[in-house]
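Take a look at the structure set out below.
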Amino acid sequence: MTSLEQLAHRHDDSPTITEGNRVPPGSPILELKGLQKNYGYVQALKPATVTFLAGEVHAIVGENGAGKSTLIKLLTGVITRTAGEILWCGHPVALATPNEAIARGINAVHQEVVLCPHLTVAANLFLGDEINRNGLMRKRQMEKTAQAVLDDLGFHLPAAAVLSSLTIGQQQLVATARAAMRGTQFLIFDEPTAYLTRQESAQLFKLIRRLQSEGVTIVYISHRMEEVFELADRVSVLRDGTHVGTRLVGETNETELIALMINRSIDQIYHKEDVPFGETILEARGLSGPGFENVSLSVRSGEIVGLYGLIGAGRSEFALGLYGRHPATAGEIHWMGRKVDIKNERTAMDIGIALAPESRRDQGLCLNLPIGLNINLPVFGRLSRGPVISRGQESANADQQIRNLAIKTPHRNVLVSSMSGGNQQKVVIGKWLSHGARLFIFDEPTVGVDVGTKAEIYRLFATLLKQGAGIILISSYLPEVYELADRLHVFRRGQLVGSHDFHAASHEDVLAEAIGV
Amino acid sequence: MAITPSEPVAAAPRRGMNVLFSLTLIGLLLFLWIALGLGTASFWTPLNISNLLRQGAMTAILAVGQTFVIITAGIDLSVGAIVGFSSVILAYLLQAGVPLGIAIALTLLMGIAIGVFHGFGIVRMGLPPFIITLATLTSLRGIGLLITDGSTISITHEGFTAFSRANFLGIPSLFWMVILVAVPAYIFLHLSRWGRYLFAVGSNSEAARLSGVNVNRTIYMAYILSATCAAFVGILLASRIGIGNATQAEGWELQAIASSVIGGTSLFGAVGSIHGPLIGAFILATINNGANLLNVNSFWQRIITGLLIIVIVYFDQLRRRGSR
C-alpha cells in the first residue's frame with residue numbers, strides 16, 4: 001500500500017458523508033441539472049446541465065468571464081446557486097458550504113496558492129488535520145509522513161522546508177498533494193499550470209493520471225488547448241455563462257473547440273502583419289545584472305523580439321534590468337545609437353521604455369484602486385497644471401483608453417480587483433499606451449487571459465509596430481513567441497543560449513535549448 | 001458595455017459611496033448634537049460650542065496628518081509624543097529669548113526633521129513604520145524630560161497664550177487652524193498628483209514604482225506631513241496650556257488614529273479622505289464633551305470611544321463587503 005493510500009485510509013476510518021457512496025467508474029458521480037447563478041440581474045451562469053463521470057478527466061474551457069470560476073465556486077460550496085439541482089452519487093445535495101463540499105470529497109486546487117507561506121511544507125500538508133498525541137503535535141512523525149507522500153508522488157520537495165522558500169510552481173504542487181491526501185473523490189484544478197515550469201507541469205500531469213487511475217474524478221480548467229488534449233477524456237465549453245457543449249476529446253479538435261468558445265477561427269488568433277523594420281531602437285551589449293549575464297541583443301522599430309525560456313531563466317530579470325528596476329551592473333545599453341545609463345524606472349520611462357510586468361497582481365496594478373487611477377498613474381505629471389490635476393483631462397484620458405482597448409467596465413471609477421484577468425491586463429497595457437513609448441516590453445501578457453482578449457492584444461502589437469515602436473515579448477508559452485516574434489532569443493540560467501529568425505528553428509530545437517538537453 | 005458575467009457585480013463608482021459614507025458620519029454627528037441639545041441645557045451655549053471646537057481642533061489636525069501615513073499603509077505612533085516635545089521646544093526657545101515667529105518656525109522645522117528621520121528609518125533602514133515611530137514615541141518623551149529635567153517650562157509670552165482663547169468672526173481661532181490645515185491638505189490629497197501617488201503606494205508600491213512613481217519620496221512626504229502636523233498641534237497646545245511639558249498629549253496618537261479610522265480610512269492602506277478624519281475627530285470630541293455635560297465618569301468616555309470604533313468600522317466593513 002502506498003503512503004498516499006494509507007493517508008486516504010486514515011480518513012476512511014472516520015465516518016464521512018461519502019462512506020458507502022463509491023460510484024463505479026464511468027457512471028455519473030456529479031450531475032448538474034439546470035444549475036444557475038445570478039448576481040443581482042447579471043446572469044453569471046445560465047441554466048447548465050453537465051454530467052461528470054466517475055474516474056474521468058473532464059476539461060472545462062472558455063474565455064475569461066465565460067462562467068468557469070462561477071462553476072467552480074458553486075461546486076466547492078463557496079457560493080450558493082440561484083436555481084437548479086446538483087446530484088452527488090445520484091442524490092440531491094445542497095453544497096452550501098465549503099466544509100460540506102470537502103466532507104463529500106470535493107476539493108479544488110486554485111490558481112493562486114492558498115496556503116500558509118510561513119509554515120513548513122509538512123505543516124501545510126497537515127494543516128487542520130494534524131497528527132496529535134495527548135494534545136501535542138507529532139511534528140517529526142508528520143514530517144516523515146509528508147516526506148513519504150511527496151516522494152511517493154514523485155515531487156522532489158523537502159517536507160521540512162518553509163513553504164515560501166519554494167517557487168510558486170512548487171507551492172502549487174504542495175497544494176495538489178494536500179488535496180490528494182484528503183481522500184478526495186472529485187478534484188478541480190483551476191489553471192494549474194499557469195505558473196509551472198515544464199518539468200513541474202509534467203510532474204503534475206503524472207499525478208493527475210495517477211489520481212485518475214485510483215478512481216478520482218478530475219475537473220481540469222485551462223486556457224491551454226494542448227493540455228486539454230493531452231489529459232482530458234471529455235471537454236465542456238462555456239461561453240458567456242452558457243454551457244455550449246460537451247465533446248469527447250477523441251472526437252473533437254482544437255479548431256472546433258475554439259470555434260465553440262469564440263466563434264472565431266484559430267488563424268486569426270496569432271495575428272502577424274508584415275511591418276518593415278526601421279532603425280535600431282535599443283541595443284544591449286554584454287549586459288549583466290542580478291539574474292542575467294552577458295546578454296547582447298537589439299530591437300528595431302517594427303520588430304517583435306521574443307524572449308523564451310523557463311520561468312526563472314533570467315528573461316524577466318533582464319527586462320527589469322533594462323527598465324532600471326534592478327539596474328545592470330556591467331555592459332552597455334545604447335538607445336537610438338547613443339549610450340545611456342538607465343539608473344531607475346523614471347529614466348527608462350523618460351527615454352521611452354514601457355514595461356507591462358510579469359505579475360499583474362504584484363507588479364502591474366493597484367488592485368483596490370479605480371481603473372482610471374491605474375491607467376493615469378504614469379501620466380499624472382502631464383495631466384496636472386501646477387500642483388493640481390485637471391479632472392477633465394484625467395477622466396478623458398481614462399475613458400479614451402477604456403474605449404480604445406474595449407475594457408469591459410461600467411465606469412472608470414470601478415475597482416480593478418473586480419475585473420476579470422483579461423480586462424486587468426488591458427488596464428496594464430492602457431497605462432502604457434497613454435504614456436507612450438518607443439519600446440514596449442510585454443512580460444507574459446497573456447497569462448490567465450482568455451482567447452478573445454489574447455487576439456485583441458496581438459492585434460494591438462501590430463498597431464504599435466506600425467506606429468514605429470519596437471516590442472520585446474517575453475513568454476513561457478512557446479507557440480506565442482514562436483508565431484509572433486521576428487527574432488527569437490532563448491534564455492537559460494540567466495544567459496542567452498540561442499537566437500533564431502522567424503520560424504528558422506523548430507519548436508523542438510527551441511525547447512531543447514531552453515531546457516538544456 | 002455590459003458587466004463581465006462571471007465576475008461579481010462591479011463595485012459602484014467610489015465617489016458615490018464615499019459621499020454616502022460621509023453623509024452617514026455627518027448624520028451621526030448631527031444626531032449627537034441634537035440629542036445632547038435636547039438632553040442637556042448647556043450644550044448649545046456659545047461657551048460650550050467654542051469649547052467643543054477647541055477640543056476637537058487639535059485631534060482633527062493630528063488625524064489629517066495621520067491619514068496621509070495610513071493611506072500609504074503605514075502608521076505614525078509618534079504624533080502624541082511629538083506634540084508634547086514640540087511644546088517643550090517652543091517653551092524652551094521662548095524662555096531663551098528667541099522671538100515668537102522664529103521659535104514657531106524652528107519648532108515646525110523640528111517636526112519636519114522628525115518626519116525625515118521616520119522616512120529614513122523606513123526607506124533606508126527597512127524598519128517597519130510601527131517600530132520606528134514607536135521608538136520615536138518613547139525617545140522623544142525622554143529627550144523632552146531631559147531638557148526640562150522632568151518639570152515644565154512656563155510660557156510668559158502674553159500674546160501667544162491669548163491666541164488660543166481668541167475668537168475670529170465669532171469662531172475660536174483654534175478651529176480656524178483646522179481650516180488652515182484642512183484646505184491645503186484637501187487640495188494635496190484629492191486634487192494633486194502627490195495625493196494619487198499616496199494611494200498608489202498604499203495599494204501596491206511595486207506597481208507604483210514600475211509606473212514611475214518615486215515611492216521613497218512619497219513615503220518621506222507622508223511621514224513629514226504627519227510629523228509637521230503634530231509639531232503644529234504642539235504649538236497650539238503650548239498656546240492653550242501656557243506651558244511646555246514633555247508628558248502632555250499622552251495617548252493622542254490613538255485619538256488621531258481612531259478619528260482617521262472612524263472617518264473611513266482603511267488601516268490596510270489606499271482608502272481615505274480629508275473630510276472623514278475631520279468629522280471623526282469632532283465625533284470623538286462631541287462624545288467627550290457630552291459625557292462631561294452629562295456627568296458621565298471620564299473612564300466611561302474611554303469605553304464609549306472604544307465601542308464606537310468597533311461599531312463604525314464594522315459597519316464600514318459591511319458596506320465594503322456589500323458593495324462587491
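A note on labels: chains of the C-alpha cells are A, B, ... as shown, every chain counts residues from 1, and ligands are counted from 1 in their shown order.
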
In region 54-291 of chain B, DSSP helix (DSSP H, G or I) residues written as a ChimeraX atom specification: /B:54-71,79-95,100-123,129-148,158-163,173-191,193-203,205-210,215-241,252-262,275-291

Which residue out of A:Gly169, A:Gly105, A:Gly337, A:Gly62 has the minimum interatomic distance to chain B when only C-alpha atoms are used?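 Once distances to chain B are computed over only C-alpha atoms, the minimum belongs to A:Gly62.
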
Kindly indicate which residue among A:Tyr39, A:Phe491, A:Phe318, A:Trp88 lies nearest to chain B, using only C-alpha atoms for the distances. A:Tyr39

Counting only C-alpha atoms, the option among B:Ile112, B:Ala162, B:Leu32, B:Val271 closest to chain A: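 Ranking B:Ile112, B:Ala162, B:Leu32, B:Val271 by distance to chain A, first place goes to B:Val271.
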
Do a neighbour search on region 294-299 of chain A at 7 Å with only C-alpha atoms, toss out local chain neighbours closer than 6 positions, and write the hits as a PDB file with N, CA and C atoms, in the first residue's frame.
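Listing of around_11.pdb after writing:
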ATOM      1  N   THR A 280      17.465  50.908 -35.475  1.00  0.00           N
ATOM      2  CA  THR A 280      17.627  50.187 -34.220  1.00  0.00           C
ATOM      3  C   THR A 280      17.232  51.114 -33.068  1.00  0.00           C
ATOM      4  N   ILE A 281      16.298  50.655 -32.252  1.00  0.00           N
ATOM      5  CA  ILE A 281      15.854  51.471 -31.119  1.00  0.00           C
ATOM      6  C   ILE A 281      16.754  51.251 -29.916  1.00  0.00           C
ATOM      7  N   LEU A 282      16.939  49.977 -29.615  1.00  0.00           N
ATOM      8  CA  LEU A 282      17.712  49.668 -28.415  1.00  0.00           C
ATOM      9  C   LEU A 282      18.703  48.551 -28.712  1.00  0.00           C
ATOM     10  N   GLU A 283      19.873  48.698 -28.138  1.00  0.00           N
ATOM     11  CA  GLU A 283      20.858  47.645 -28.273  1.00  0.00           C
ATOM     12  C   GLU A 283      21.495  47.397 -26.917  1.00  0.00           C
ATOM     13  N   ALA A 284      21.453  46.137 -26.484  1.00  0.00           N
ATOM     14  CA  ALA A 284      22.136  45.759 -25.242  1.00  0.00           C
ATOM     15  C   ALA A 284      23.433  45.068 -25.626  1.00  0.00           C
ATOM     16  N   ARG A 285      24.527  45.524 -25.022  1.00  0.00           N
ATOM     17  CA  ARG A 285      25.824  44.917 -25.349  1.00  0.00           C
ATOM     18  C   ARG A 285      26.422  44.308 -24.084  1.00  0.00           C
ATOM     19  N   GLY A 286      26.466  43.004 -24.052  1.00  0.00           N
ATOM     20  CA  GLY A 286      27.089  42.297 -22.930  1.00  0.00           C
ATOM     21  C   GLY A 286      26.524  42.708 -21.592  1.00  0.00           C
ATOM     22  N   LEU A 287      25.189  42.855 -21.542  1.00  0.00           N
ATOM     23  CA  LEU A 287      24.560  43.382 -20.333  1.00  0.00           C
ATOM     24  C   LEU A 287      24.479  42.304 -19.240  1.00  0.00           C
ATOM     25  N   SER A 288      24.927  42.663 -18.042  1.00  0.00           N
ATOM     26  CA  SER A 288      24.802  41.759 -16.895  1.00  0.00           C
ATOM     27  C   SER A 288      24.136  42.491 -15.749  1.00  0.00           C
ATOM     28  N   VAL A 305      10.742  41.246 -30.756  1.00  0.00           N
ATOM     29  CA  VAL A 305      11.823  40.382 -30.322  1.00  0.00           C
ATOM     30  C   VAL A 305      11.278  39.504 -29.201  1.00  0.00           C
ATOM     31  N   GLY A 470       9.033  49.364 -31.179  1.00  0.00           N
ATOM     32  CA  GLY A 470       9.597  48.022 -31.136  1.00  0.00           C
ATOM     33  C   GLY A 470       9.027  47.311 -29.923  1.00  0.00           C
ATOM     34  N   GLN A 495      21.432  33.238 -19.109  1.00  0.00           N
ATOM     35  CA  GLN A 495      22.230  33.549 -20.286  1.00  0.00           C
ATOM     36  C   GLN A 495      21.435  33.339 -21.563  1.00  0.00           C
ATOM     37  N   LEU A 496      21.876  34.048 -22.604  1.00  0.00           N
ATOM     38  CA  LEU A 496      21.263  33.886 -23.918  1.00  0.00           C
ATOM     39  C   LEU A 496      21.916  32.676 -24.565  1.00  0.00           C
TER      40      LEU A 496
END

Backbone-only DSSP, strand (DSSP E or B) members of region 98-247 of chain B, as a PyMOL selection string: chain B and resi 153-154+167-168+171-172+192+243-244

Contacts of Pro276 (chain A) at 12 Å or less, counting only C-alpha atoms, minus same-chain residues fewer than 4 places along, as a short mmCIF file (atom, residue, chain, number, x, y, z; two decimals) with C-alpha atoms, in the first residue's frame?
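Contents of out_32.cif, freshly written:
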data_model
loop_
_atom_site.label_atom_id
_atom_site.label_comp_id
_atom_site.auth_asym_id
_atom_site.auth_seq_id
_atom_site.Cartn_x
_atom_site.Cartn_y
_atom_site.Cartn_z
CA ARG A 300 14.45 47.64 -34.31
CA SER A 301 11.36 49.67 -34.92
CA GLY A 302 8.61 47.48 -36.37
CA GLU A 303 10.15 44.38 -34.84
CA ILE A 304 8.92 41.93 -32.20
CA ALA A 462 0.68 45.14 -34.88
CA LEU A 465 4.68 48.28 -34.64
CA LYS A 466 3.08 50.24 -37.45
CA GLN A 467 3.43 53.38 -35.37
CA GLY A 468 7.17 52.78 -35.33
CA ALA A 469 7.55 51.10 -31.96
CA GLY A 470 9.60 48.02 -31.14
CA ASP A 486 10.55 38.28 -35.74
#

Write out as a PyMOL selection string which residues come within 6 Å of Gly234 (chain B) when counting only C-alpha atoms, dropping same-chain ones fewer than 4 positions away. chain B and resi 83+86-87

Shortest interatomic distance to Ile371 (chain A) - which of A:Asp399, A:Glu345, A:Asp151, A:Glu226, counting only C-alpha atoms: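 Nearest to Ile371 (chain A): A:Asp399.
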
Between CA of Val69 (chain B) and CA of Val116 (chain B), distance in Å (one decimal):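 Going from CA of Val69 (chain B) over to CA of Val116 (chain B), I get 13.1 Å.
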
Which of these residues is nearest to Asn292 (chain B), using only C-alpha atoms: B:Ser139, B:Asn48, B:Thr24, B:Thr59?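 Checking each of B:Ser139, B:Asn48, B:Thr24, B:Thr59 against Asn292 (chain B), counting only C-alpha atoms, the winner is B:Asn48.
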
Using Å and a single decimal, report how far CA of Leu30 (chain B) sits from CA of His190 (chain B).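 CA of His190 (chain B) sits 25.2 Å away from CA of Leu30 (chain B).
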
Neighbour list for Gly212 (chain B) as a ChimeraX atom specification, cut-off 9 Å, only C-alpha atoms, skip fewer than 4 positions in-chain: /A:344-349,377-379 /B:207-208

Smallest atom-to-atom distance to Gly150 (chain B): which of B:Leu25, B:Val296, B:Gln248, B:Ser203, using only C-alpha atoms? B:Gln248

Near-Val215 (chain B) list (12 Å; only C-alpha atoms; drop same-chain fewer than 6 positions) as a ChimeraX atom specification: /A:344-346 /B:72,119,122-123,194,196-209,221-222

Can I get the selected residues back with C-alpha atoms, as a PDB file, in the first residue's frame?
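Writing the result to again08.pdb gives the following:
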ATOM      1  CA  ASN A 344      15.896  53.844 -12.336  1.00  0.00           C
ATOM      2  CA  GLU A 345      12.392  53.345 -13.702  1.00  0.00           C
ATOM      3  CA  ARG A 346      11.902  57.051 -14.279  1.00  0.00           C
TER       4      ARG A 346
ATOM      5  CA  THR B  72       0.351  54.553   2.387  1.00  0.00           C
ATOM      6  CA  GLY B 119      11.209  58.254   6.316  1.00  0.00           C
ATOM      7  CA  ILE B 122      11.501  53.093   6.789  1.00  0.00           C
ATOM      8  CA  VAL B 123      13.047  53.624   3.356  1.00  0.00           C
ATOM      9  CA  TRP B 194       1.055  63.608  -4.993  1.00  0.00           C
ATOM     10  CA  ARG B 196      -2.788  59.971  -6.105  1.00  0.00           C
ATOM     11  CA  TYR B 197       0.738  58.672  -5.519  1.00  0.00           C
ATOM     12  CA  LEU B 198      -0.005  58.203  -1.797  1.00  0.00           C
ATOM     13  CA  PHE B 199      -2.972  55.996  -2.713  1.00  0.00           C
ATOM     14  CA  ALA B 200      -0.958  54.084  -5.320  1.00  0.00           C
ATOM     15  CA  VAL B 201       1.905  53.402  -2.905  1.00  0.00           C
ATOM     16  CA  GLY B 202      -0.549  52.228  -0.267  1.00  0.00           C
ATOM     17  CA  SER B 203      -2.276  49.921  -2.724  1.00  0.00           C
ATOM     18  CA  ASN B 204       0.764  48.339  -4.371  1.00  0.00           C
ATOM     19  CA  SER B 205       4.123  50.021  -4.021  1.00  0.00           C
ATOM     20  CA  GLU B 206       5.830  47.811  -6.606  1.00  0.00           C
ATOM     21  CA  ALA B 207       3.197  48.626  -9.240  1.00  0.00           C
ATOM     22  CA  ALA B 208       3.542  52.304  -8.352  1.00  0.00           C
ATOM     23  CA  ARG B 209       7.331  52.110  -8.658  1.00  0.00           C
ATOM     24  CA  MET B 221       6.420  63.017   2.235  1.00  0.00           C
ATOM     25  CA  ALA B 222       3.697  61.189   4.187  1.00  0.00           C
TER      26      ALA B 222
END

What is the distance between CA of Ala91 (chain B) and CA of Arg240 (chain B), in Å to one decimal?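 Taking CA of Ala91 (chain B) as the start and CA of Arg240 (chain B) as the end point, the length is 12.3 Å.
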